[in-house]
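K.L.:
First, the structure itself, so that you have it in front of you.
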Amino acid sequence: MFRLLMAAGLALSIWMPNSVRAAETINVVIMQEDDDKDSLERDSRIQRAVLNAFNQALQAPAASDIYRKYGIGGMDVYDEKALTMSFDKQGRTRREDTELISVARDIRNPRIDVLVLYTLYAKAVKAPYGDYVKLQMAMNYRALDIRSGRVLGGDNLDLNQDGEPMTGCAAAVGQSTPDRHCVKEFVAEKAERLVRDAGNTLATQLAALSHGFGKGGNQDVAAGDDRPGPDCETRPQSYLITFRNVTAGDMRQIVKRMKEWSCAIDLGLENSSASEASYTYKVRATDVLLKRNLEITMDHLGLQGGVETRGSNELLVKAIPIRKD
């Protein structure tokens, strides 16, 4: 009995609200939309350069200053291939936006908050005066709330409407012909310039709209303070938690406790029905600690049942209906 009380006391203390919460981080995946046959095809050296530049721009010191202004911890940018290789065929090109959105919504670990779709156009044109070639490049991109489909930001960018002269080994100078490797490097370098501009704009747009993602667990972040609370040293993890056979009244109590946990960052309703409710829960805790706290919360509410682990970062909380008459 003493051990049970000690365990309950420890867990319930973790559920207590903390005035210093971990600042919100936003899970982002970036995909190239190349359905337009005039656009550059994905899975190339240029695409990899673009993805790296996006990642750097969204996590650069300048972007960090923007995030702190809005009380945001930062953007966690994930690689599409790493997240989808377990369920989606790799190497496919010329994909429509409907397919990309569907794939992004099927990613479970981590749960994605924002999908950034971009299309890149590039072509070489002969200069109107002189015997040399210019690169013309443009990019359009948009960021979507992965759950609602709401457009959170975007823009259309041009490298230079008149074009950038191809130089060095990427140009045809004298008797030499352009080196294929150099041409790709030249195009990749210019694409990175467009992406840096896009990243700076996107960082501001996403940070300013971050509380519109349907999440309510981080409204009381202390301005300028993004330190995690005690026992919250784990990096942010996003979990999908499904509650089955839990009454509406008990569900309100559980949600209240989940929001008050000092390790909590975000909590958002994914879907619900008469018998089930699923929530996306971002928290600085391992699945072991999260499972333990859910179990003790059920005990506190007098609910019979248990918590099951289902795949990566998914938990099923099952209550057993018991007649009380």
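Convention: chains lettered A, B, ... in structure tokens order; per-chain residue numbering from 1; ligands numbered from 1 as shown.
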Taking only C-alpha atoms into account, produce a table as JSON lines in which each residue of stretch 97-169 of chain A with an atom at most 9 Å from an atom of stretch 40-61 of chain A appears once, together with its shortest atom pair and the distance in Å to one decimal, ordered by chain and rising number.
P.N.:
```
{"residue": "A:Thr119", "atom": "CA", "partner": "A:Leu40", "partner_atom": "CA", "distance": 7.6}
{"residue": "A:Leu120", "atom": "CA", "partner": "A:Leu40", "partner_atom": "CA", "distance": 5.7}
{"residue": "A:Tyr121", "atom": "CA", "partner": "A:Leu40", "partner_atom": "CA", "distance": 5.7}
{"residue": "A:Ala122", "atom": "CA", "partner": "A:Leu40", "partner_atom": "CA", "distance": 6.8}
```
K.L.:
Keeping N, CA and C atoms for every residue in the selection just given, could you write it to a file as a CSV table (one decimal), in the first residue's frame?
P.N.:
```
chain,number,residue,atom,x,y,z
A,119,THR,N,7.6,24.0,-55.8
A,119,THR,CA,7.9,23.6,-57.2
A,119,THR,C,9.0,24.5,-57.7
A,120,LEU,N,9.9,24.0,-58.4
A,120,LEU,CA,11.1,24.7,-58.9
A,120,LEU,C,11.2,24.6,-60.4
A,121,TYR,N,11.4,25.8,-61.0
A,121,TYR,CA,11.5,25.9,-62.5
A,121,TYR,C,12.8,26.5,-62.8
A,122,ALA,N,13.5,25.9,-63.8
A,122,ALA,CA,14.8,26.4,-64.3
A,122,ALA,C,15.0,26.1,-65.7
```
K.L.:
Show me, as a list in words, the residues that have an atom within 12 Å of A:Gln161 when counting only C-alpha atoms, minus same-chain residues fewer than 2 positions from it.
P.N.:
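Final neighbour list, sorted by chain and number: Ala122, Lys123, Val125, Lys134, Leu135, Gln136, Met137, Ala138, Leu157, Asp158, Leu159, Gly163, Glu164 and Pro165 of chain A.
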K.L.:
Write out, as a CSV table (one decimal), in the first residue's frame, the residues just selected, with N, CA and C atoms.
P.N.:
```
chain,number,residue,atom,x,y,z
A,122,ALA,N,13.5,25.9,-63.8
A,122,ALA,CA,14.8,26.4,-64.3
A,122,ALA,C,15.0,26.1,-65.7
A,123,LYS,N,15.5,27.1,-66.5
A,123,LYS,CA,15.8,26.8,-67.9
A,123,LYS,C,17.0,27.7,-68.3
A,125,VAL,N,18.6,30.1,-71.2
A,125,VAL,CA,18.2,30.9,-72.4
A,125,VAL,C,19.4,31.6,-72.9
A,134,LYS,N,22.1,32.3,-70.1
A,134,LYS,CA,21.6,32.7,-68.8
A,134,LYS,C,20.7,31.7,-68.2
A,135,LEU,N,20.7,31.6,-66.9
A,135,LEU,CA,19.8,30.8,-66.1
A,135,LEU,C,18.6,31.6,-65.6
A,136,GLN,N,17.4,31.1,-66.0
A,136,GLN,CA,16.2,31.7,-65.4
A,136,GLN,C,15.6,30.7,-64.5
A,137,MET,N,15.3,31.1,-63.3
A,137,MET,CA,14.8,30.2,-62.2
A,137,MET,C,13.7,30.9,-61.4
A,138,ALA,N,12.7,30.1,-61.1
A,138,ALA,CA,11.6,30.6,-60.3
A,138,ALA,C,11.1,29.4,-59.3
A,157,LEU,N,8.7,33.2,-56.1
A,157,LEU,CA,10.0,33.9,-56.2
A,157,LEU,C,10.7,33.7,-57.5
A,158,ASP,N,11.4,34.8,-58.0
A,158,ASP,CA,12.2,34.7,-59.2
A,158,ASP,C,13.6,35.0,-58.8
A,159,LEU,N,14.5,34.2,-59.3
A,159,LEU,CA,16.0,34.5,-59.1
A,159,LEU,C,16.4,35.8,-59.7
A,163,GLY,N,17.5,36.8,-65.8
A,163,GLY,CA,18.4,35.6,-65.9
A,163,GLY,C,19.8,35.9,-65.3
A,164,GLU,N,20.4,34.9,-64.8
A,164,GLU,CA,21.8,34.9,-64.3
A,164,GLU,C,22.8,34.3,-65.3
A,165,PRO,N,23.8,35.0,-65.7
A,165,PRO,CA,24.8,34.4,-66.7
A,165,PRO,C,25.4,33.2,-66.1
```
K.L.:
May I ask which of the residues A:Ala274, A:Ile72, A:Leu117, A:Ile254 is the closest one to A:Leu301, counting only C-alpha atoms?
P.N.:
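Checking each of A:Ala274, A:Ile72, A:Leu117, A:Ile254 against A:Leu301, counting only C-alpha atoms, the winner is A:Ile254.
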K.L.:
Expressed in Å to a single decimal, how great is the separation between atom CA of A:Ser273 and atom CA of A:Gly249?
P.N.:
14.6 Å
K.L.:
Please, what distance in Å, to one decimal, runs between atom CA of A:Ala191 and atom CA of A:Met139?
P.N.:
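A separation of 8.3 Å between them.
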K.L.:
Between A:Ile101, A:Glu80, A:Gly130, A:Leu315, which residue has the minimum interatomic distance to A:Val288, considering only C-alpha atoms?
P.N.:
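Under the stated criterion, the closest residue is A:Leu315.
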